$ cat target_7.cif   # mmCIF, C-alpha atoms
data_my_file
loop_
_atom_site.label_atom_id
_atom_site.label_comp_id
_atom_site.auth_asym_id
_atom_site.auth_seq_id
_atom_site.Cartn_x
_atom_site.Cartn_y
_atom_site.Cartn_z
CA MET A 1 41.73 4.19 -21.59
CA LEU A 2 44.97 2.32 -22.04
CA SER A 3 44.96 -0.51 -24.56
CA ARG A 4 47.26 -3.51 -24.23
CA ARG A 5 49.65 -2.18 -26.89
CA ASP A 6 49.88 1.15 -25.10
CA VAL A 7 51.36 -0.48 -22.05
CA LEU A 8 55.12 -0.04 -22.13
CA SER A 9 56.10 -2.40 -19.35
CA GLY A 10 54.86 -5.14 -17.10
CA GLY A 11 54.93 -2.67 -14.19
CA ILE A 12 52.46 -0.34 -15.87
CA ALA A 13 50.26 -3.30 -16.73
CA ALA A 14 50.23 -4.38 -13.10
CA ILE A 15 49.33 -0.89 -11.92
CA ALA A 16 46.55 -0.67 -14.47
CA ALA A 17 45.19 -4.05 -13.45
CA GLY A 18 45.29 -3.08 -9.79
CA ALA A 19 43.45 0.16 -10.45
CA THR A 20 40.80 -1.65 -12.46
CA ALA A 21 40.28 -4.24 -9.72
CA THR A 22 39.95 -1.51 -7.10
CA ALA A 23 37.38 0.35 -9.20
CA CYS A 24 35.38 -2.86 -9.73
CA ALA A 25 35.45 -3.65 -6.03
CA ARG A 26 33.90 -0.31 -5.12
CA PRO A 27 30.29 -0.24 -6.42
CA LYS A 28 29.04 3.03 -7.80
CA ALA A 29 26.69 4.82 -5.40
CA PRO A 30 23.13 4.46 -6.75
CA SER A 31 21.00 7.48 -7.56
CA TRP A 32 18.13 7.83 -5.11
CA PRO A 33 15.33 7.92 -4.00
CA ARG A 34 14.93 4.84 -6.20
CA ARG A 35 11.49 3.36 -6.81
CA THR A 36 11.39 -0.40 -7.35
CA LYS A 37 8.91 -3.27 -7.24
CA TYR A 38 9.52 -6.79 -5.94
CA GLU A 39 6.89 -9.54 -5.99
CA GLY A 40 4.22 -6.92 -6.63
CA VAL A 41 5.19 -4.70 -3.68
CA ASP A 42 6.37 -1.12 -4.25
CA PHE A 43 9.51 0.11 -2.50
CA ILE A 44 11.39 3.38 -2.17
CA GLU A 45 15.12 2.74 -1.70
CA LEU A 46 17.46 5.25 -0.07
CA PHE A 47 21.27 5.20 0.09
CA PRO A 48 22.38 7.84 2.63
CA ASN A 49 26.03 8.59 3.31
CA GLY A 50 27.36 6.94 0.16
CA ALA A 51 25.68 3.58 0.81
CA ASP A 52 25.23 0.97 -1.92
CA GLU A 53 23.72 -2.51 -2.33
CA THR A 54 26.51 -4.03 -0.22
CA SER A 55 25.73 -1.83 2.80
CA PRO A 56 23.66 -3.04 5.78
CA LEU A 57 20.00 -3.31 4.77
CA ILE A 58 17.27 -1.65 6.85
CA VAL A 59 13.59 -2.28 6.08
CA SER A 60 11.36 0.42 7.58
CA ILE A 61 7.60 -0.22 7.52
CA HIS A 62 5.04 2.59 7.76
CA GLY A 63 1.83 2.56 9.78
CA LEU A 64 -1.88 2.72 9.01
CA GLY A 65 -2.89 5.56 6.67
CA ASP A 66 0.72 6.52 5.99
CA LYS A 67 2.95 6.02 2.94
CA PRO A 68 6.68 5.56 2.38
CA ASP A 69 6.99 8.93 0.61
CA ASN A 70 6.38 10.60 3.98
CA TRP A 71 9.43 8.83 5.44
CA ILE A 72 11.99 9.88 2.83
CA ASP A 73 13.10 13.08 4.56
CA SER A 74 13.55 11.54 7.99
CA TRP A 75 15.49 8.50 6.76
CA THR A 76 17.61 10.66 4.46
CA ALA A 77 18.99 12.16 7.69
CA PHE A 78 19.93 8.75 9.10
CA PRO A 79 23.56 9.13 10.23
CA GLY A 80 24.71 5.63 9.28
CA ARG A 81 25.82 4.22 5.92
CA ALA A 82 22.98 1.86 5.06
CA GLN A 83 20.57 0.92 2.31
CA VAL A 84 17.14 1.89 3.65
CA VAL A 85 14.08 0.43 1.94
CA LEU A 86 10.55 1.72 2.51
CA PRO A 87 7.80 -0.68 1.37
CA ARG A 88 4.28 0.54 0.60
CA ALA A 89 1.25 -1.24 2.02
CA PHE A 90 -1.27 -3.06 -0.15
CA THR A 91 -4.64 -1.38 0.42
CA LYS A 92 -5.56 2.28 -0.03
CA TYR A 93 -6.62 3.91 3.22
CA GLY A 94 -7.50 7.62 3.21
CA GLU A 95 -4.48 9.55 1.95
CA GLY A 96 -2.22 6.59 2.64
CA TRP A 97 -2.22 2.80 2.79
CA SER A 98 -3.01 -0.10 5.11
CA TRP A 99 -1.18 -3.41 5.57
CA PHE A 100 -4.09 -5.32 7.09
CA GLU A 101 -7.58 -4.77 8.45
CA PHE A 102 -8.49 -4.08 12.06
CA ARG A 103 -11.98 -5.55 12.56
CA ASP A 104 -14.00 -4.99 15.73
CA GLY A 105 -14.86 -8.28 17.34
CA ALA A 106 -12.19 -10.29 15.53
CA THR A 107 -10.81 -13.18 17.55
CA ASP A 108 -7.09 -13.42 18.29
CA GLU A 109 -6.89 -16.25 15.75
CA GLU A 110 -8.63 -14.16 13.08
CA PHE A 111 -6.40 -11.15 13.75
CA GLY A 112 -3.33 -13.39 13.72
CA ALA A 113 -4.37 -14.78 10.34
CA GLU A 114 -4.89 -11.25 8.97
CA VAL A 115 -1.49 -10.03 10.16
CA GLY A 116 0.18 -13.31 9.20
CA GLY A 117 -1.11 -13.08 5.64
CA ALA A 118 0.15 -9.51 5.27
CA GLU A 119 3.52 -10.46 6.75
CA ALA A 120 3.90 -13.41 4.36
CA LYS A 121 3.14 -11.24 1.33
CA LEU A 122 5.52 -8.49 2.44
CA TRP A 123 8.25 -10.93 3.44
CA LYS A 124 8.22 -12.56 -0.01
CA ALA A 125 8.99 -9.15 -1.52
CA VAL A 126 11.58 -8.23 1.13
CA ALA A 127 13.37 -11.55 0.65
CA ALA A 128 13.50 -11.01 -3.12
CA LEU A 129 15.03 -7.56 -2.59
CA ALA A 130 17.49 -8.69 0.08
CA GLY A 131 18.78 -11.77 -1.71
CA LYS A 132 21.17 -13.59 0.63
CA ARG A 133 21.74 -10.60 2.90
CA LYS A 134 20.54 -10.52 6.48
CA LEU A 135 18.59 -7.41 7.36
CA ILE A 136 17.35 -5.08 10.07
CA VAL A 137 13.60 -4.46 10.26
CA THR A 138 11.77 -1.63 11.99
CA GLY A 139 8.33 -0.10 11.72
CA PHE A 140 5.70 2.03 13.42
CA SER A 141 2.18 0.99 14.52
CA GLN A 142 1.06 -1.53 11.86
CA GLY A 143 4.70 -1.56 10.81
CA GLY A 144 5.67 -2.30 14.41
CA ILE A 145 3.24 -5.24 14.48
CA LEU A 146 4.75 -6.59 11.26
CA SER A 147 8.25 -6.10 12.70
CA PHE A 148 7.35 -8.31 15.68
CA ALA A 149 5.84 -10.92 13.36
CA MET A 150 8.91 -10.97 11.11
CA ALA A 151 11.20 -11.33 14.12
CA SER A 152 9.15 -14.33 15.23
CA ARG A 153 9.05 -16.00 11.82
CA HIS A 154 12.46 -15.27 10.27
CA ALA A 155 15.18 -15.58 12.89
CA ASP A 156 17.59 -16.95 10.28
CA GLN A 157 17.33 -13.92 7.99
CA ILE A 158 16.61 -10.99 10.31
CA ALA A 159 19.63 -9.80 12.26
CA TRP A 160 17.65 -7.45 14.54
CA ALA A 161 14.12 -6.06 14.80
CA PHE A 162 13.13 -2.68 16.25
CA PRO A 163 9.32 -2.37 16.52
CA VAL A 164 7.93 1.05 17.48
CA SER A 165 4.45 1.32 19.07
CA GLY A 166 3.65 -2.22 18.03
CA SER A 167 2.67 -5.61 19.43
CA CYS A 168 2.19 -9.15 18.15
CA PRO A 169 -0.97 -11.27 17.82
CA GLY A 170 -0.88 -14.36 20.02
CA PRO A 171 -0.82 -16.87 17.13
CA LEU A 172 2.34 -15.26 15.73
CA LEU A 173 4.34 -15.19 18.97
CA PRO A 174 7.24 -17.67 19.27
CA LYS A 175 6.24 -20.89 21.03
CA HIS A 176 7.90 -24.06 22.29
CA LYS A 177 11.20 -22.23 22.82
CA ALA A 178 11.41 -21.34 19.13
CA GLN A 179 14.26 -19.00 18.28
CA ALA A 180 13.28 -15.49 17.20
CA ALA A 181 15.38 -12.61 15.96
CA PRO A 182 16.69 -10.37 18.76
CA LEU A 183 14.67 -7.19 19.18
CA VAL A 184 14.47 -3.86 20.95
CA ALA A 185 10.95 -2.38 21.11
CA PHE A 186 10.00 1.26 21.73
CA HIS A 187 6.62 2.30 23.17
CA GLY A 188 4.99 5.31 24.82
CA THR A 189 3.25 4.56 28.10
CA SER A 190 0.25 6.78 27.21
CA ASP A 191 -0.39 5.29 23.75
CA PRO A 192 -4.19 5.54 23.21
CA VAL A 193 -4.19 3.55 19.95
CA LEU A 194 -2.08 0.50 20.73
CA ALA A 195 -1.80 0.41 24.49
CA PHE A 196 1.60 0.12 26.13
CA LYS A 197 0.59 -3.13 27.84
CA TRP A 198 0.27 -4.87 24.47
CA GLY A 199 3.78 -3.91 23.44
CA ALA A 200 5.15 -4.91 26.84
CA GLY A 201 3.24 -8.20 26.67
CA ALA A 202 4.74 -9.06 23.30
CA VAL A 203 8.27 -8.35 24.53
CA ASN A 204 7.68 -10.50 27.61
CA ALA A 205 6.33 -13.34 25.46
CA PHE A 206 9.51 -13.31 23.36
CA LYS A 207 11.64 -13.32 26.51
CA GLU A 208 9.67 -16.17 28.09
CA GLN A 209 10.68 -18.34 25.13
CA GLY A 210 14.36 -17.62 25.79
CA ASN A 211 14.78 -14.89 23.19
CA ASN A 212 16.70 -11.63 23.40
CA ALA A 213 14.00 -8.94 23.71
CA THR A 214 14.13 -5.52 25.36
CA LEU A 215 11.53 -2.77 25.82
CA LYS A 216 12.33 0.93 25.98
CA GLU A 217 9.41 2.82 27.50
CA TYR A 218 8.65 6.53 27.15
CA PRO A 219 6.53 7.98 30.00
CA GLY A 220 3.62 10.14 28.87
CA VAL A 221 4.21 9.57 25.15
CA GLY A 222 1.23 8.64 22.95
CA HIS A 223 1.02 6.92 19.58
CA THR A 224 3.87 8.72 17.88
CA ILE A 225 7.62 8.73 17.31
CA THR A 226 9.13 11.57 19.30
CA PRO A 227 12.58 13.00 18.50
CA GLU A 228 13.91 11.17 21.55
CA MET A 229 12.47 7.86 20.35
CA ARG A 230 13.89 8.36 16.86
CA ALA A 231 17.32 9.20 18.26
CA ASP A 232 17.22 6.09 20.46
CA LEU A 233 16.03 3.95 17.56
CA TRP A 234 18.79 5.15 15.27
CA ALA A 235 21.40 4.68 18.01
CA GLU A 236 20.29 1.08 18.55
CA ILE A 237 20.34 0.39 14.80
CA GLN A 238 23.82 1.86 14.39
CA LYS A 239 25.02 -0.22 17.34
CA VAL A 240 24.19 -3.50 15.55
CA MET A 241 24.95 -2.48 11.96
CA PRO A 242 28.56 -3.80 12.06
CA THR A 243 27.18 -7.30 12.81
CA VAL A 244 24.78 -7.35 9.83
CA ARG A 245 26.15 -9.31 6.88
#
$ encode --input "target_7.cif" --output "structure tokens"
Amino acid sequence: MLSRRDVLSGGIAAIAAGATATACARPKAPSWPRRTKYEGVDFIELFPNGADETSPLIVSIHGLGDKPDNWIDSWTAFPGRAQVVLPRAFTKYGEGWSWFEFRDGATDEEFGAEVGGAEAKLWKAVAALAGKRKLIVTGFSQGGILSFAMASRHADQIAWAFPVSGSCPGPLLPKHKAQAAPLVAFHGTSDPVLAFKWGAGAVNAFKEQGNNATLKEYPGVGHTITPEMRADLWAEIQKVMPTVR
């Protein structure tokens, strides 16, 4: 490294200073998968295509009985340059984890409180990770439900939401013309776990309050993410990434 006394002219000094500034302005690509913890919640962070902490931030939330480790390979193939973070749910469930409890006979208010509590706990961790950055949120099944809830509650911090095979409890839907984050939802019409009508109903409820909400439906598809759905999801995410700051 050049020291000050090694510099023979002001021109060399200027070049050296310029090179140093350029190097400082370009963050080093992090090593990944990176395991971190924020506010007691475990995350796996991915940085495909040379991404770093200044890249658009995507939060991808797994479903019931799943875990973020199972999503590493698929998100590693994401074609965009983004920081992708995969949070892990709170409660052990079989070989995976659960974000909240589904209880037979629970009222809409009780279910809303259950989902709302999980969303608040997860959001505290996501906000700590994101700092001042806006973010994109997506998720499947339970993760789709939480994506809807976050879109309803955090319009100022979520740039876009992309729930997959999800819905939203009535108490968490936007009301009184409240602004929500724009969203595109994806749902199979033959979903036997979380029926298509519940996803469509949530999208319509967002729209009725004046919000930007769209539903992409997949005839004959059950409770899964097909290759077509994943391709559509990634295309929609890449479309909005340039607007996420």
$ resolve_selection --input "target_7.cif" --expression "the PyMOL selection byres ((chain A and resi 165) around 6)" --output "tab-separated table (two decimals) with C-alpha atoms, in the coordinates of the input"
chain	number	residue	atom	x	y	z
A	140	PHE	CA	5.70	2.03	13.42
A	141	SER	CA	2.18	0.99	14.52
A	164	VAL	CA	7.93	1.05	17.48
A	166	GLY	CA	3.65	-2.22	18.03
A	187	HIS	CA	6.62	2.30	23.17
$ resolve_selection --input "target_7.cif" --expression "the PyMOL selection byres ((chain A and resi 189-195) around 12)" --output "PyMOL selection string"
chain A and resi 63-64+102+140-142+144-145+164-168+186-188+196-202+215-225
$ closest_atom_pairs --input "target_7.cif" --of "stretch 93-201 of chain A" --to "stretch 76-85 of chain A" --cutoff "12 Å" --atoms "only C-alpha atoms" --output "JSON lines"
{"residue": "A:Ala125", "atom": "CA", "partner": "A:Val85", "partner_atom": "CA", "distance": 11.4}
{"residue": "A:Val126", "atom": "CA", "partner": "A:Val85", "partner_atom": "CA", "distance": 9.0}
{"residue": "A:Leu129", "atom": "CA", "partner": "A:Val85", "partner_atom": "CA", "distance": 9.2}
{"residue": "A:Ala130", "atom": "CA", "partner": "A:Val85", "partner_atom": "CA", "distance": 9.9}
{"residue": "A:Arg133", "atom": "CA", "partner": "A:Gln83", "partner_atom": "CA", "distance": 11.6}
{"residue": "A:Leu135", "atom": "CA", "partner": "A:Gln83", "partner_atom": "CA", "distance": 9.9}
{"residue": "A:Ile136", "atom": "CA", "partner": "A:Val84", "partner_atom": "CA", "distance": 9.5}
{"residue": "A:Val137", "atom": "CA", "partner": "A:Val85", "partner_atom": "CA", "distance": 9.7}
{"residue": "A:Thr138", "atom": "CA", "partner": "A:Val85", "partner_atom": "CA", "distance": 10.5}
{"residue": "A:Gly139", "atom": "CA", "partner": "A:Val85", "partner_atom": "CA", "distance": 11.4}
$ residues_around --input "target_7.cif" --residues "stretch 171-185 of chain A" --least-positions-apart "2" --cutoff "9 Å" --atoms "only C-alpha atoms" --output "VMD selection string"
chain A and resid 108 to 109 111 to 113 115 to 116 144 148 to 166 168 to 169 187 199 to 200 202 to 203 205 to 206 208 to 217 233 236
$ residues_around --input "target_7.cif" --residues "A:Asp52" --least-positions-apart "5" --cutoff "7 Å" --atoms "all atoms listed in the file" --output "CSV table (one decimal) with C-alpha atoms, keeping the file's coordinate frame"
chain,number,residue,atom,x,y,z
A,27,PRO,CA,30.3,-0.2,-6.4
A,29,ALA,CA,26.7,4.8,-5.4
A,30,PRO,CA,23.1,4.5,-6.8
A,47,PHE,CA,21.3,5.2,0.1
A,83,GLN,CA,20.6,0.9,2.3
$ atom_distance --input "target_7.cif" --atom1 "atom CA of A:Leu57" --atom2 "atom CA of A:Asp73"
17.8 Å
$ atom_distance --input "target_7.cif" --atom1 "atom CA of A:Ser60" --atom2 "atom CA of A:Gly170"
22.9 Å
$ atom_distance --input "target_7.cif" --atom1 "atom CA of A:Ala128" --atom2 "atom CA of A:Lys37"
9.9 Å
$ closest_residue --input "target_7.cif" --among "A:Gly131, A:Gly50, A:Gly65, A:Gly143" --to "A:Ala118" --atoms "only C-alpha atoms"
A:Gly143
$ axis_aligned_box --input "target_7.cif" --around "stretch 154-170 of chain A" --padding-each-side "4 Å" --output "AutoDock Vina command-line options"
--center_x 9.3 --center_y -7.8 --center_z 14.0 --size_x 28.6 --size_y 26.3 --size_z 20.0
$ decode --input "target_7.cif" --residues "stretch 140-209 of chain A" --atoms "C-alpha atoms" --output "short mmCIF file (atom, residue, chain, number, x, y, z; two decimals), in the first residue's frame"
data_model
loop_
_atom_site.label_atom_id
_atom_site.label_comp_id
_atom_site.auth_asym_id
_atom_site.auth_seq_id
_atom_site.Cartn_x
_atom_site.Cartn_y
_atom_site.Cartn_z
CA PHE A 140 -46.27 -19.64 1.48
CA SER A 141 -49.27 -20.92 3.47
CA GLN A 142 -48.70 -19.62 7.03
CA GLY A 143 -46.06 -17.41 5.44
CA GLY A 144 -48.66 -16.20 2.95
CA ILE A 145 -51.02 -15.31 5.81
CA LEU A 146 -48.25 -13.36 7.53
CA SER A 147 -47.43 -11.62 4.23
CA PHE A 148 -51.03 -10.38 3.98
CA ALA A 149 -50.94 -9.23 7.61
CA MET A 150 -47.66 -7.36 7.14
CA ALA A 151 -48.99 -5.66 4.00
CA SER A 152 -52.00 -4.50 6.01
CA ARG A 153 -50.00 -3.26 9.00
CA HIS A 154 -46.81 -1.80 7.51
CA ALA A 155 -47.60 0.11 4.34
CA ASP A 156 -44.86 2.63 5.12
CA GLN A 157 -42.07 0.04 5.27
CA ILE A 158 -43.17 -2.71 2.87
CA ALA A 159 -42.73 -1.82 -0.78
CA TRP A 160 -44.64 -4.86 -2.10
CA ALA A 161 -46.10 -8.10 -0.73
CA PHE A 162 -46.48 -11.38 -2.64
CA PRO A 163 -48.50 -13.92 -0.60
CA VAL A 164 -48.68 -17.48 -1.96
CA SER A 165 -51.57 -19.77 -0.94
CA GLY A 166 -52.47 -17.44 1.90
CA SER A 167 -55.31 -15.32 3.25
CA CYS A 168 -55.86 -12.79 6.03
CA PRO A 169 -57.98 -13.02 9.20
CA GLY A 170 -60.79 -10.47 9.25
CA PRO A 171 -59.44 -8.47 12.21
CA LEU A 172 -56.16 -7.86 10.36
CA LEU A 173 -57.66 -6.67 7.07
CA PRO A 174 -57.35 -2.94 6.26
CA LYS A 175 -60.42 -0.96 7.32
CA HIS A 176 -61.75 2.59 7.01
CA LYS A 177 -59.82 3.12 3.77
CA ALA A 178 -56.51 2.50 5.52
CA GLN A 179 -53.54 2.34 3.17
CA ALA A 180 -51.90 -1.06 2.78
CA ALA A 181 -48.80 -2.10 0.88
CA PRO A 182 -49.50 -3.07 -2.74
CA LEU A 183 -49.67 -6.81 -3.27
CA VAL A 184 -49.92 -9.58 -5.84
CA ALA A 185 -51.26 -12.88 -4.47
CA PHE A 186 -50.88 -16.35 -6.00
CA HIS A 187 -53.32 -19.20 -5.30
CA GLY A 188 -54.31 -22.57 -6.75
CA THR A 189 -58.03 -22.99 -7.37
CA SER A 190 -58.02 -26.57 -6.01
CA ASP A 191 -56.19 -25.82 -2.75
CA PRO A 192 -57.59 -28.31 -0.18
CA VAL A 193 -55.77 -26.75 2.81
CA LEU A 194 -56.45 -23.04 2.47
CA ALA A 195 -59.28 -22.76 -0.02
CA PHE A 196 -58.96 -20.46 -3.00
CA LYS A 197 -62.01 -18.46 -1.89
CA TRP A 198 -60.18 -17.30 1.23
CA GLY A 199 -57.26 -15.96 -0.76
CA ALA A 200 -59.60 -14.30 -3.25
CA GLY A 201 -61.64 -12.84 -0.39
CA ALA A 202 -58.57 -11.28 1.20
CA VAL A 203 -57.49 -9.70 -2.09
CA ASN A 204 -60.99 -8.30 -2.63
CA ALA A 205 -61.04 -6.89 0.90
CA PHE A 206 -57.80 -5.01 0.23
CA LYS A 207 -59.19 -3.69 -3.06
CA GLU A 208 -62.47 -2.58 -1.46
CA GLN A 209 -60.45 -0.27 0.79
#
